[in-house]
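K.L.:
Could you have a look at this structure, given as structure tokens, before my questions?
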Amino acid sequence: MLKLDRCVIENGSFTLSADIEIETGANVAIIGPSGAGKSTLLETIAGFRDLKKGQILWDGARISNLLPGQRPLAMLFQDGNLFPHLTAAQNVALGLRPNGRLTTDEEAQVLSALDRVALPGFGDRRPAELSGGQQSRVALARVLVQHRALLLLDEPFAALGPALKAEMLDLVAGLVAETDTTFLMVSHDPQDARRIAGQTVLVADEVVHAPAQTETLFDNPPPSLRAYLGS
Amino acid sequence: MAERAQPISAWPGIGAAALVAALILGTLAAVALRAETSGGFSPADWAALRFTLTQAILSALFSVALAVPVARALARRRFPGRRALIALLGAPFILPVIVAILGLLQVFGRSGWISDVLGVFGLPPIRIYGLHGVVLAHVFFNLPLATRLVLQAWQEIPAERFRLAAQLGCNGMAMFRLIELPMLKRTLPGVIAVIFAICLTSFAVALTLGGGPRATTIELAIYQAFTYDFDLGRAALLSALQLALTAAAALAALRFSRGDGFGTGLDRALQRWDGGAPALDAFWIAAAAAFLLLPLASVVISGLAGVFDMPALVFRAALTSVFVAAASTLILLVLALPMATAVASGRHGLVELSGILGLAASPLVIGTGLFILIRPVVNPTMLALPVTALVNAAMALPFALRILVPAAKDITARHGRLALSLNMGKWTYFRRVLVPRMRPQIGFAAGLGAALSMGDLGVIALFADPQIATLPLQIYRLMGAYQMQAAAGGALLLLLLSMGAFWLLDRGGRWHAEA
Amino acid sequence: MKHLLIAAGILSATSAIAADKPQLTVYTYDSFVSDWGPGPQVKEAFEAVCECELNLVGVEDGAALLSRIRLEGENSDADVVLGLDTNLITAAKETGLFAPNPVSAEFALPIEWSDDTFTPYDWGYFAFVHNADATAPANFRELADSDTKIIIQDPRSSTPGLGLLMWVKAAYGDEAPEIWAGLADNIVTVTKGWSEAYGLFLEGESDMVLSYTTSPAYHLIAEEDASKAAAAFDEGNYLQVEVAAKLAGTDQPELANKFLNFMVTDAFQQIIPTTNWMYPAVTPADGLPEGFDTLTVPAKSLLFSPDEAAAVRDQALAEWQNALSQ
């Protein structure tokens, strides 16, 4: 269980307070107006921002004092998810061993991860030789080998076309279900949330609201969500 | 905003900076402490300060003002031989002073090529000696450096920006305001500061082209204090003044050039859509090439005549120079990479400041200071080559940092988060991300460092051992023995070696890096 | 770096091999030790008779050489210093670092020499060198009135430059500022050292350059080129006498003494003319090399005593700076 315990986050002019719990294995969409702090929330959970107050716990253990790489999570950013000078396989391998050489067994894991994201034989290509969708798949393959309990997505597929984005989300949903990963995803699109997220967290008015069932939330939106949805 | 975690530690860089500062300030202190009399400034010193500042400011402004259109033209034109031209343009910077002066005067002197042409039309020869001559010579030396630094900043603008601007229908002027002006505002103060600092320590060039004692610089006053008066206190004081002026210039530059980078861009070959005025660009490229290459051509022509006069010793000296340059480049990178990383990972102005001090440090003071420090421990002549390599590296450091810092900043901004989230170790980040991503810049910096070290007389003359001579020292010795022709041959060899080293390293850095 | 150390090691190994022999360290100016200077031959000749090893250490020029000795002070590694001139002798004596060591010889100097500490090894006249086909002015006044362009060296950084300063002062005394003012428009430029000035002259930047009457000998003998000549001035040409002395702190006083005495023998002196391009202090038995007889010999020679030179130096420099900074 991920617990944001009376957290206050400061980012320049605005503050964001969060006091919520997310069940292990939940698929959560984070939705809210632009600039409300969705990315800020994710960056804080991932450790790129310090908390002003409060703490973040995973399964009861405090993680908000850990460095980003030591937290039990993997994150995909809006861009820059791959090192352009490394091949696809090398990028994936960083998820297993960021600091050393792979064993034969680990090399096999890298290859099978690339297989699972439908990129067999693409290991030697560099990101510039891959399409946008393929680049996203390589990043996902890396997430797979990282075996982290928590996956954070900060709109990594925003640049992809609708069909491709849907395909990637389905791929994520499948992989997440298979590995029982808890999964938080920033999204602009209610369709995305409905598609793969059982729960949705609304970020609005400087508050991170408690997760609600996605269907229920969208069928009967509170005023701030209604303003955002424009319905 | 709260302090962000960094993918790499600043401490090695801070350590390297402390070492450099210790070298420069420690040698200065050694000289000051050895002084028997505590000298003050004389009225002549103030006159020297005035002249030094005037010529350094003018030289820096002219060099940079001319470098901008040249770099812009080179940035947006593709033509056969462009790479070779860019490499050749760097040559004046790495020539030994005496060779460059002779080359320059072969073109601009009283009986130079231009005066010869004027003579055909019955016009008097041009008068090159004076403040304008000093500035001309300094522009000759520094325009290539300024052009390279500005050109590099230009090429680091992500192609996407130009694509966006082109898509918005920006023409040349609008594109300049939108994309290039911010880049220049960020880049130029640093370049101006570097050239100002280089010109601050000018001595032989300023005196020779200045035409007389009017053109006395602080460096000449330091030399005078050392040898003519043996007033070490005054030498140290003057050197401290030089350092203070450079530090002030560097701090001003840092203040002005602070600002956001250009963010991320994908690795795509730079392509531009702004058209511009091809004729104007062609003019700038041709003018710069003529200005810089004609004196070089004269060095080559004089050199060819002397090639067969060169004694075998010159080749031995050349080999020594190659060793020194290699060692110096290695030291340079060991110092510069951590320092650039430290600067990139936060606001470490002091690291950058210590890096630029190498420019303003009087070679005479560093050399003498090292001599004073080393002598109680070991015979200084034994260490002539290592010391020369070390000092050459310290002198090249400011250039290396100007080249490496922007790239390190950019890479840390682009990949820092990802590395952190992967829990990548600091050493791995350095080895697997920073260094591979910075290869072009590392190659450029190493090339420049090697070439500079090859061409610089440095401190070897102070530590000289008759059996070990670098090529520049051997060229001076040849000239001192009336063998001007053989010296010219040696200068040509030096030019080729320097350019070769530069080309090899610069090219090596770019190899496969543009994929 | 490793290779560099190895290279340095190999190169310095030559001196380590002979470590059992007594070592004599002589500091001199750089052009003396260069491979085209007298150094290599002097080393060979002396080592043939001394049962020792001669270490020649080069330091930029005469003035820098004295500074080096002062920097090292009493525990200098040098046993002998070779390469000061009369302008530096008084300052050198004031340091108290040099020891008297009288050497007697049949000096062929245009002046009397009596100094118990410093022994001359060569000498020459400062002179303006010009192309032989051009007519040279007969004196400084005529030069000042002419359009003749000259290049000189800075007295603050160069031995010939300081020599010229003394020359004008010795010839004109209180009128020196006036002479300098008259010369100002003849001076194309002032260089840091001799090499720059001579190089510029050879490139045609001036009609004359400050050098020595012996300079044409180089072109004549080494290049078989008789196109250069030196001008004798009727007020006299200033002399440069180059000297050597033993350091008081030497640990090889006997050997130093031996070297200074060797210095005035033919074995040393015959090397000087065609390597240092100066007159030997003692004419060798075989006489001067062919070609030296063609050189200009000024009718009159000028030279301040070391004490006079030291006394007028700073004032002469100020006059020079004033006149040329207008």
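In the structure tokens, chains take the letters A, B, ... in the order shown, each chain's residues start at 1, and ligands count up from 1 in the order shown.
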What residues in chain B have any atom no more than 7 Å from chain C when counting only C-alpha atoms, and can you write them as an MDAnalysis selection string?
P.N.:
chainID B and resid 98 102 109:111 129 204 207:208 211:214 224 226:228 230 323 327 461:462 464:466 477 479:481 484
K.L.:
Could you give me, as a PyMOL selection string, each residue of region 59-168 of chain C that DSSP assigns to helix (DSSP H, G or I) when run on this structure's backbone?
P.N.:
chain C and resi 62-75+86-94+140-145+159-168
K.L.:
Selection from above, N, CA and C atoms, as a compact mmCIF listing (two decimals), in the first residue's frame, can you write it?
P.N.:
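out-v4.txt, written as the output of this step:
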```txt
# COMPACT_ATOMS: atom_id res chain seq x y z
N GLY C 62 71.15 36.68 -19.92
CA GLY C 62 72.03 37.13 -18.85
C GLY C 62 71.28 37.65 -17.62
N ALA C 63 70.28 38.50 -17.87
CA ALA C 63 69.55 39.10 -16.75
C ALA C 63 68.78 38.02 -15.99
N ALA C 64 68.14 37.11 -16.74
CA ALA C 64 67.38 36.03 -16.10
C ALA C 64 68.33 35.10 -15.34
N LEU C 65 69.54 34.99 -15.87
CA LEU C 65 70.56 34.14 -15.24
C LEU C 65 70.90 34.67 -13.85
N LEU C 66 71.09 35.99 -13.77
CA LEU C 66 71.42 36.58 -12.47
C LEU C 66 70.22 36.42 -11.52
N SER C 67 69.02 36.61 -12.05
CA SER C 67 67.83 36.44 -11.22
C SER C 67 67.76 35.02 -10.67
N ARG C 68 68.09 34.04 -11.50
CA ARG C 68 68.05 32.65 -11.07
C ARG C 68 69.03 32.43 -9.91
N ILE C 69 70.22 32.99 -10.05
CA ILE C 69 71.21 32.84 -8.99
C ILE C 69 70.72 33.49 -7.70
N ARG C 70 70.10 34.67 -7.83
CA ARG C 70 69.59 35.34 -6.63
C ARG C 70 68.45 34.54 -6.03
N LEU C 71 67.64 33.92 -6.90
CA LEU C 71 66.51 33.12 -6.42
C LEU C 71 67.02 31.92 -5.63
N GLU C 72 68.07 31.31 -6.14
CA GLU C 72 68.57 30.11 -5.46
C GLU C 72 69.40 30.46 -4.24
N GLY C 73 69.99 31.65 -4.26
CA GLY C 73 70.72 32.14 -3.09
C GLY C 73 71.94 31.30 -2.77
N GLU C 74 72.23 31.21 -1.48
CA GLU C 74 73.51 30.61 -1.06
C GLU C 74 73.63 29.13 -1.37
N ASN C 75 72.50 28.43 -1.41
CA ASN C 75 72.63 27.00 -1.70
C ASN C 75 72.32 26.69 -3.16
N THR C 86 78.94 43.36 -18.33
CA THR C 86 79.40 44.41 -17.41
C THR C 86 78.23 45.17 -16.79
N ASN C 87 77.10 45.21 -17.49
CA ASN C 87 75.95 45.91 -16.92
C ASN C 87 75.40 45.21 -15.69
N LEU C 88 75.71 43.94 -15.54
CA LEU C 88 75.13 43.17 -14.44
C LEU C 88 76.13 42.91 -13.31
N ILE C 89 77.38 43.26 -13.56
CA ILE C 89 78.43 42.87 -12.61
C ILE C 89 78.22 43.48 -11.22
N THR C 90 77.90 44.77 -11.19
CA THR C 90 77.75 45.42 -9.88
C THR C 90 76.61 44.78 -9.09
N ALA C 91 75.48 44.59 -9.77
CA ALA C 91 74.35 43.94 -9.09
C ALA C 91 74.75 42.54 -8.63
N ALA C 92 75.53 41.85 -9.46
CA ALA C 92 75.94 40.50 -9.11
C ALA C 92 76.84 40.52 -7.88
N LYS C 93 77.76 41.49 -7.84
CA LYS C 93 78.67 41.57 -6.68
C LYS C 93 77.91 41.89 -5.41
N GLU C 94 76.90 42.75 -5.54
CA GLU C 94 76.14 43.15 -4.35
C GLU C 94 75.44 41.98 -3.68
N PHE C 140 74.46 58.64 -34.24
CA PHE C 140 73.06 58.68 -33.81
C PHE C 140 72.34 59.92 -34.31
N ARG C 141 73.06 61.07 -34.33
CA ARG C 141 72.39 62.29 -34.79
C ARG C 141 71.99 62.17 -36.26
N GLU C 142 72.93 61.64 -37.04
CA GLU C 142 72.64 61.48 -38.47
C GLU C 142 71.49 60.48 -38.66
N LEU C 143 71.51 59.43 -37.83
CA LEU C 143 70.43 58.43 -37.89
C LEU C 143 69.10 59.10 -37.56
N ALA C 144 69.10 59.94 -36.51
CA ALA C 144 67.86 60.59 -36.09
C ALA C 144 67.33 61.52 -37.17
N ASP C 145 68.25 62.16 -37.91
CA ASP C 145 67.82 63.09 -38.95
C ASP C 145 67.40 62.37 -40.23
N THR C 159 69.30 41.97 -23.34
CA THR C 159 70.67 42.43 -23.11
C THR C 159 71.10 43.47 -24.15
N PRO C 160 70.92 43.22 -25.46
CA PRO C 160 71.30 44.27 -26.42
C PRO C 160 70.51 45.56 -26.20
N GLY C 161 69.23 45.42 -25.82
CA GLY C 161 68.42 46.61 -25.57
C GLY C 161 69.04 47.46 -24.48
N LEU C 162 69.47 46.81 -23.42
CA LEU C 162 70.12 47.54 -22.33
C LEU C 162 71.45 48.11 -22.81
N GLY C 163 72.15 47.36 -23.67
CA GLY C 163 73.42 47.84 -24.21
C GLY C 163 73.23 49.13 -24.99
N LEU C 164 72.16 49.21 -25.77
CA LEU C 164 71.90 50.42 -26.55
C LEU C 164 71.62 51.60 -25.62
N LEU C 165 70.89 51.32 -24.57
CA LEU C 165 70.59 52.37 -23.58
C LEU C 165 71.90 52.95 -23.05
N MET C 166 72.82 52.06 -22.71
CA MET C 166 74.10 52.47 -22.16
C MET C 166 74.95 53.18 -23.22
N TRP C 167 74.84 52.70 -24.41
CA TRP C 167 75.58 53.27 -25.54
C TRP C 167 75.24 54.75 -25.70
N VAL C 168 73.95 55.03 -25.82
CA VAL C 168 73.52 56.41 -26.02
C VAL C 168 73.92 57.26 -24.81
```
K.L.:
List as a list in words the protein and nucleic acid residues near Asp506 (chain B), meaning an atom at most 7 Å away when only C-alpha atoms are counted, but skip any in the same chain fewer than 2 places from it.
P.N.:
Pro440, Gly443, Phe444, Gly447, Phe502, Trp503, Leu504, Gly508, Gly509 and Arg510 of chain B
K.L.:
Tell me, as a ChimeraX atom specification, which residues lie within 10 Å of Asn91 (chain A), counting only C-alpha atoms; anything in the same chain fewer than 2 positions away does not count.
P.N.:
/A:81-89,93-96,98,110,123,126-127,138-139,141-142
K.L.:
Compare A:Gln109, A:Thr179, A:Gln55, A:Thr214 by their minimum atom-to-atom distance to Ile196 (chain A), counting only C-alpha atoms, and give me the closest one.
P.N.:
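Ranking A:Gln109, A:Thr179, A:Gln55, A:Thr214 by distance to Ile196 (chain A), first place goes to A:Thr214.
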K.L.:
Taking only C-alpha atoms into account, find every residue of chain B that has an atom no more than 6 Å from chain A, and write it out as an mmCIF file with C-alpha atoms, in the first residue's frame.
P.N.:
```cif
data_model
loop_
_atom_site.group_PDB
_atom_site.id
_atom_site.type_symbol
_atom_site.label_atom_id
_atom_site.label_comp_id
_atom_site.auth_asym_id
_atom_site.auth_seq_id
_atom_site.Cartn_x
_atom_site.Cartn_y
_atom_site.Cartn_z
ATOM 1 C CA LEU B 420 18.610 8.875 -10.691
ATOM 2 C CA SER B 421 15.463 6.862 -11.133
ATOM 3 C CA LEU B 422 17.523 3.911 -12.360
ATOM 4 C CA ASN B 423 19.678 4.217 -9.261
ATOM 5 C CA MET B 424 22.703 4.590 -11.436
ATOM 6 C CA THR B 428 28.588 4.767 -13.836
#
```
K.L.:
Give me, as a VMD selection string, all polymer residues having an atom no more than 10 Å from Ala16 (chain B), counting only C-alpha atoms and skipping those fewer than 6 positions away in the same chain.
P.N.:
chain B and resid 22 334 to 339 342 351 354 to 355
